[in-house]
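Below: the structure, in structure tokens.
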Amino acid sequence: MSTLFVSHPCCLDHDTGPAFPERADRVRVIERTFEGEIFQLLQRECAPELDYGALTRVHPESYVEQIRKAVPEEGYFELADDVVLSPGTWEAISHSVGGVVVAVDEVMRRKVTNAFVAMRPPGHHAETARAMGFCFFNLAAIAARRAQAAHGAERVAIVDFDVHHGNGTQEIFWSDKSVLYASTHQFPLYPGTGASEERGAYDTIVNAPLPENAGSRMFREAMSEKILPRVEAFAPDLVVISAGFDAHRFDPIGALHLEVADFTWITNELMEIADRRAKGAVVSVLEGGYDLIALSRCASAHVQTLMGA
């Protein structure tokens, strides 16, 4: 089993200012963690620059240009609540999209079994033409559309275990029967979407909201009873993971109180489905995770599982 790790130094230049939870140190701690001996066999690639076509399959050109033109020459520009741009933001965005594209290409061409893309800013709150919740462009959605457009994937499943609901991913695929979006998340919590009744135009949206302090048992039950069977039945050609680690019990933003072992477990469960349905094809993209120690431990467990370590 071969696993690809995709990142780029420019994602550190997306400066969100002091005391902002979505910060460059998130990727720094992941990269330091992956210097360990157990990750010696991890394949590594620098994320290439923007694939404009991959981006505009999900987001309209007018919106893309709005974001690009809003990038300040110096200082900060607050586009919306919790959406901050700095002079390095556009290059970080550019390579984030490029990183997702190369990960999908390598996995779908069977050059690697699976991939983890550790770039920022994250993406699952970004709607078709709306930035919010630290997110500008939806990387999981870009991955799905790339697999379909460039590699003939008929069905893609996106599984999101971030503590927050991926409203952007849900909105983008609400009326698309070729993409299944499934999410566990704390509810109620930002952004306020993700009720179990939200099922999409073709019943391809699967929400499993969890209460505060849900813990491991409720998380695993929700995945086992509501989400994993739907992913299996959908028979995807690719499984995309929105890998948010802010559901960990140490995270300052959420309160689901998961353990590192829960991320190992769900990664393994999704890999088993991918083995049966998608020739093992999994692309994981970093979403949340704001306690640096918890983030490093969870990302380590996630990628070790992808590697079969």
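Starting from 1 in every chain, residues are counted up; chains themselves are A, B, ... following the order of the structure tokens, and ligands are numbered from 1 as listed.
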Report as a PyMOL selection string: the residues of segment 94-295 of chain A with a DSSP assignment of helix (DSSP H, G or I), based on the backbone of this structure. chain A and resi 94-108+139-151+167-173+215-234+260-277+292-295
Per DSSP on the backbone, filter segment 156-225 of chain A down to the residues in strand (DSSP E) and report them as a compact mmCIF listing (two decimals) with N, CA and C atoms, in the first residue's frame.
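Output below, filename result-v3.txt:
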```txt
# COMPACT_ATOMS: atom_id res chain seq x y z
N VAL A 156 -18.97 9.52 -6.63
CA VAL A 156 -17.98 9.86 -5.61
C VAL A 156 -18.70 10.03 -4.28
N ALA A 157 -18.14 9.45 -3.23
CA ALA A 157 -18.68 9.63 -1.88
C ALA A 157 -17.75 10.54 -1.09
N ILE A 158 -18.30 11.56 -0.46
CA ILE A 158 -17.54 12.45 0.41
C ILE A 158 -18.02 12.20 1.84
N VAL A 159 -17.11 11.83 2.72
CA VAL A 159 -17.44 11.57 4.12
C VAL A 159 -16.72 12.61 4.97
N ASP A 160 -17.47 13.30 5.80
CA ASP A 160 -16.98 14.45 6.55
C ASP A 160 -17.14 14.16 8.05
N VAL A 179 -22.99 12.32 -6.54
CA VAL A 179 -22.10 12.54 -5.39
C VAL A 179 -22.91 12.36 -4.11
N LEU A 180 -22.42 11.48 -3.25
CA LEU A 180 -23.00 11.29 -1.92
C LEU A 180 -22.20 12.12 -0.92
N TYR A 181 -22.89 12.95 -0.14
CA TYR A 181 -22.24 13.69 0.94
C TYR A 181 -22.79 13.19 2.27
N ALA A 182 -21.91 12.70 3.14
CA ALA A 182 -22.31 12.15 4.43
C ALA A 182 -21.48 12.78 5.54
N SER A 183 -22.14 13.21 6.61
CA SER A 183 -21.45 13.97 7.64
C SER A 183 -21.93 13.61 9.05
N THR A 184 -20.96 13.40 9.95
CA THR A 184 -21.23 13.47 11.38
C THR A 184 -20.72 14.82 11.87
N HIS A 185 -21.41 15.42 12.82
CA HIS A 185 -21.04 16.75 13.28
C HIS A 185 -21.83 17.07 14.54
N GLN A 186 -21.30 17.97 15.33
CA GLN A 186 -22.02 18.44 16.51
C GLN A 186 -23.19 19.32 16.07
N ILE A 205 -27.76 13.17 0.40
CA ILE A 205 -27.19 13.88 1.54
C ILE A 205 -27.55 13.07 2.79
N VAL A 206 -26.54 12.71 3.57
CA VAL A 206 -26.76 11.89 4.76
C VAL A 206 -26.15 12.61 5.96
N ASN A 207 -26.99 13.18 6.78
CA ASN A 207 -26.53 13.89 7.97
C ASN A 207 -26.82 13.07 9.23
N ALA A 208 -25.79 12.94 10.06
CA ALA A 208 -25.93 12.24 11.34
C ALA A 208 -25.49 13.19 12.45
N PRO A 209 -26.35 14.15 12.82
CA PRO A 209 -25.98 15.12 13.85
C PRO A 209 -25.81 14.46 15.21
N LEU A 210 -24.85 14.97 15.97
CA LEU A 210 -24.52 14.42 17.28
C LEU A 210 -24.64 15.52 18.34
```
Segment 53-55 of chain A environment, 7 Å, only C-alpha atoms, sequence neighbours closer than 4 positions dropped, as a ChimeraX atom specification: /A:59,97,142,146
Could you name the residues that touch Ser216 of chain A at 9 Å or less, counting only C-alpha atoms, but leaving out those on the same chain fewer than 2 positions away, as a PDB file with N, CA and C atoms, in the first residue's frame?
```pdb
ATOM      1  N   ALA A 214     -20.988  13.958  22.826  1.00  0.00           N
ATOM      2  CA  ALA A 214     -21.448  12.660  22.307  1.00  0.00           C
ATOM      3  C   ALA A 214     -20.463  11.544  22.627  1.00  0.00           C
ATOM      4  N   MET A 218     -21.338   7.184  20.643  1.00  0.00           N
ATOM      5  CA  MET A 218     -22.367   7.756  19.774  1.00  0.00           C
ATOM      6  C   MET A 218     -21.819   8.041  18.387  1.00  0.00           C
ATOM      7  N   PHE A 219     -20.561   8.475  18.304  1.00  0.00           N
ATOM      8  CA  PHE A 219     -19.934   8.728  17.008  1.00  0.00           C
ATOM      9  C   PHE A 219     -19.865   7.441  16.191  1.00  0.00           C
ATOM     10  N   ARG A 220     -19.388   6.374  16.812  1.00  0.00           N
ATOM     11  CA  ARG A 220     -19.232   5.112  16.080  1.00  0.00           C
ATOM     12  C   ARG A 220     -20.593   4.516  15.708  1.00  0.00           C
ATOM     13  N   GLU A 221     -21.569   4.673  16.568  1.00  0.00           N
ATOM     14  CA  GLU A 221     -22.911   4.198  16.236  1.00  0.00           C
ATOM     15  C   GLU A 221     -23.484   4.957  15.039  1.00  0.00           C
ATOM     16  N   LEU A 256     -17.407  17.377  20.854  1.00  0.00           N
ATOM     17  CA  LEU A 256     -17.873  16.000  20.655  1.00  0.00           C
ATOM     18  C   LEU A 256     -17.078  15.009  21.494  1.00  0.00           C
ATOM     19  N   HIS A 257     -15.856  15.395  21.867  1.00  0.00           N
ATOM     20  CA  HIS A 257     -15.030  14.606  22.796  1.00  0.00           C
ATOM     21  C   HIS A 257     -14.633  13.234  22.219  1.00  0.00           C
ATOM     22  N   LEU A 258     -14.184  13.223  20.981  1.00  0.00           N
ATOM     23  CA  LEU A 258     -13.659  11.991  20.392  1.00  0.00           C
ATOM     24  C   LEU A 258     -12.220  11.762  20.819  1.00  0.00           C
ATOM     25  N   GLU A 259     -11.752  10.544  20.632  1.00  0.00           N
ATOM     26  CA  GLU A 259     -10.380  10.149  20.945  1.00  0.00           C
ATOM     27  C   GLU A 259      -9.611   9.882  19.643  1.00  0.00           C
ATOM     28  N   ALA A 261      -8.225   7.229  18.795  1.00  0.00           N
ATOM     29  CA  ALA A 261      -8.619   5.900  18.305  1.00  0.00           C
ATOM     30  C   ALA A 261      -9.858   5.953  17.423  1.00  0.00           C
ATOM     31  N   ASP A 262     -10.718   6.931  17.629  1.00  0.00           N
ATOM     32  CA  ASP A 262     -11.910   7.045  16.796  1.00  0.00           C
ATOM     33  C   ASP A 262     -11.553   7.419  15.359  1.00  0.00           C
TER      34      ASP A 262
END
```
Quick one: of A:Ile38, A:Ala118, A:Ala131, A:Ala47, who's nearest to Ser94 of chain A, counting only C-alpha atoms?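 Of all the options, A:Ala47 lies closest to Ser94 of chain A.
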Considering only C-alpha atoms, give me a table of residues in segment 138-209 of chain A that are at most 8 Å from segment 284-303 of chain A, with the closest atom pair and distance in Å for each, as JSON lines.
```
{"residue": "A:Leu139", "atom": "CA", "partner": "A:Val285", "partner_atom": "CA", "distance": 7.2}
{"residue": "A:Ala140", "atom": "CA", "partner": "A:Val285", "partner_atom": "CA", "distance": 6.7}
{"residue": "A:Asp162", "atom": "CA", "partner": "A:Gly288", "partner_atom": "CA", "distance": 6.3}
{"residue": "A:Val163", "atom": "CA", "partner": "A:Gly288", "partner_atom": "CA", "distance": 7.9}
```
Include N, CA and C atoms and write out the residues we just selected as a JSON list (two decimals), in the first residue's frame.
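The resulting part_19.json:
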```json
[["chain", "number", "residue", "atom", "x", "y", "z"],
["A", 139, "LEU", "N", -12.42, 22.23, -1.28],
["A", 139, "LEU", "CA", -11.43, 21.30, -1.80],
["A", 139, "LEU", "C", -12.00, 19.90, -1.99],
["A", 140, "ALA", "N", -12.87, 19.45, -1.09],
["A", 140, "ALA", "CA", -13.48, 18.13, -1.26],
["A", 140, "ALA", "C", -14.34, 18.09, -2.53],
["A", 162, "ASP", "N", -15.53, 16.21, 10.40],
["A", 162, "ASP", "CA", -15.25, 17.45, 11.11],
["A", 162, "ASP", "C", -16.34, 17.71, 12.16],
["A", 163, "VAL", "N", -16.00, 18.42, 13.23],
["A", 163, "VAL", "CA", -17.00, 18.70, 14.26],
["A", 163, "VAL", "C", -18.10, 19.61, 13.74]]
```
Name the residues in contact with Asn167 of chain A at a cut-off of 10 Å, using only C-alpha atoms, excluding same-chain residues fewer than 4 positions from it; report them as an MDAnalysis selection string. chainID A and resid 124:127 132:133 171:172 183 190:194
Go ahead and dump the residues you just picked, all heavy atoms, as a tab-separated table (two decimals), in the first residue's frame.
```
chain	number	residue	atom	x	y	z
A	124	HIS	N	-14.58	22.99	3.56
A	124	HIS	CA	-15.92	22.41	3.49
A	124	HIS	C	-17.06	23.37	3.81
A	124	HIS	O	-18.22	23.04	3.56
A	124	HIS	CB	-16.01	21.14	4.36
A	124	HIS	CG	-16.05	21.37	5.83
A	124	HIS	ND1	-16.65	20.47	6.69
A	124	HIS	CD2	-15.56	22.37	6.62
A	124	HIS	CE1	-16.52	20.90	7.93
A	124	HIS	NE2	-15.86	22.04	7.92
A	125	HIS	N	-16.76	24.57	4.32
A	125	HIS	CA	-17.82	25.57	4.50
A	125	HIS	C	-18.04	26.43	3.26
A	125	HIS	O	-19.03	27.17	3.20
A	125	HIS	CB	-17.50	26.50	5.68
A	125	HIS	CG	-17.54	25.82	7.01
A	125	HIS	ND1	-18.62	25.08	7.44
A	125	HIS	CD2	-16.62	25.76	8.02
A	125	HIS	CE1	-18.37	24.60	8.65
A	125	HIS	NE2	-17.16	24.99	9.02
A	126	ALA	N	-17.14	26.37	2.29
A	126	ALA	CA	-17.27	27.21	1.09
A	126	ALA	C	-18.38	26.70	0.20
A	126	ALA	O	-18.35	25.56	-0.26
A	126	ALA	CB	-15.94	27.24	0.34
A	127	GLU	N	-19.37	27.54	-0.05
A	127	GLU	CA	-20.46	27.20	-0.94
A	127	GLU	C	-20.08	27.56	-2.38
A	127	GLU	O	-18.97	28.01	-2.65
A	127	GLU	CB	-21.73	27.92	-0.50
A	127	GLU	CG	-22.20	27.49	0.89
A	127	GLU	CD	-23.48	28.17	1.34
A	127	GLU	OE1	-23.96	29.09	0.64
A	127	GLU	OE2	-24.02	27.76	2.39
A	132	MET	N	-16.98	31.36	3.77
A	132	MET	CA	-17.38	31.46	5.17
A	132	MET	C	-16.60	30.44	5.99
A	132	MET	O	-16.01	29.49	5.44
A	132	MET	CB	-18.88	31.25	5.34
A	132	MET	CG	-19.42	29.93	4.85
A	132	MET	SD	-21.24	29.78	4.99
A	132	MET	CE	-21.44	29.66	6.76
A	133	GLY	N	-16.56	30.65	7.30
A	133	GLY	CA	-15.97	29.67	8.20
A	133	GLY	C	-14.55	29.28	7.88
A	133	GLY	O	-14.22	28.09	7.85
A	171	GLU	N	-24.40	22.12	0.01
A	171	GLU	CA	-25.04	23.03	-0.94
A	171	GLU	C	-24.61	22.73	-2.37
A	171	GLU	O	-25.44	22.71	-3.30
A	171	GLU	CB	-24.70	24.47	-0.56
A	171	GLU	CG	-25.36	25.53	-1.44
A	171	GLU	CD	-24.46	26.03	-2.57
A	171	GLU	OE1	-23.24	25.79	-2.53
A	171	GLU	OE2	-25.00	26.65	-3.52
A	172	ILE	N	-23.34	22.46	-2.57
A	172	ILE	CA	-22.82	22.22	-3.92
A	172	ILE	C	-23.44	20.97	-4.54
A	172	ILE	O	-23.77	20.95	-5.73
A	172	ILE	CB	-21.28	22.13	-3.87
A	172	ILE	CG1	-20.67	23.51	-3.59
A	172	ILE	CG2	-20.72	21.55	-5.17
A	172	ILE	CD1	-19.21	23.48	-3.18
A	183	SER	N	-22.14	13.21	6.61
A	183	SER	CA	-21.45	13.97	7.64
A	183	SER	C	-21.93	13.61	9.05
A	183	SER	O	-23.13	13.53	9.31
A	183	SER	CB	-21.69	15.47	7.42
A	183	SER	OG	-21.17	16.23	8.48
A	190	TYR	N	-22.14	25.91	14.85
A	190	TYR	CA	-21.86	26.56	13.58
A	190	TYR	C	-21.71	25.50	12.49
A	190	TYR	O	-21.09	24.46	12.73
A	190	TYR	CB	-20.56	27.38	13.70
A	190	TYR	CG	-20.16	28.10	12.43
A	190	TYR	CD1	-20.60	29.39	12.19
A	190	TYR	CD2	-19.36	27.47	11.48
A	190	TYR	CE1	-20.25	30.04	11.03
A	190	TYR	CE2	-19.01	28.12	10.32
A	190	TYR	CZ	-19.45	29.41	10.10
A	190	TYR	OH	-19.10	30.05	8.94
A	191	PRO	N	-22.23	25.70	11.30
A	191	PRO	CA	-22.95	26.88	10.77
A	191	PRO	C	-24.47	26.80	10.90
A	191	PRO	O	-25.17	27.60	10.30
A	191	PRO	CB	-22.53	26.85	9.30
A	191	PRO	CG	-22.45	25.39	8.98
A	191	PRO	CD	-21.90	24.73	10.23
A	192	GLY	N	-24.97	25.83	11.66
A	192	GLY	CA	-26.41	25.73	11.90
A	192	GLY	C	-27.13	24.79	10.95
A	192	GLY	O	-28.33	24.54	11.11
A	193	THR	N	-26.44	24.27	9.96
A	193	THR	CA	-27.03	23.31	9.03
A	193	THR	C	-26.70	21.88	9.48
A	193	THR	O	-25.94	21.69	10.42
A	193	THR	CB	-26.49	23.54	7.61
A	193	THR	OG1	-25.05	23.53	7.67
A	193	THR	CG2	-26.94	24.88	7.06
A	194	GLY	N	-27.24	20.90	8.76
A	194	GLY	CA	-26.87	19.52	9.01
A	194	GLY	C	-27.88	18.72	9.81
A	194	GLY	O	-27.53	17.69	10.40
```
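Separating atom CA of Leu4 of chain A from atom CA of Phe245 of chain A is a distance of 19.3 Å.
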What's the 12 Å shell around Val100 of chain A, counting only C-alpha atoms, without same-chain residues fewer than 5 positions away, as number ranges by chain? A: 4-8, 45-51, 54-55, 93-95, 105-107, 114-120, 122-123, 137-147, 240-242, 282-286
Atom CA of Ser175 of chain A and atom CA of Asp203 of chain A are how many Å apart? 9.0 Å
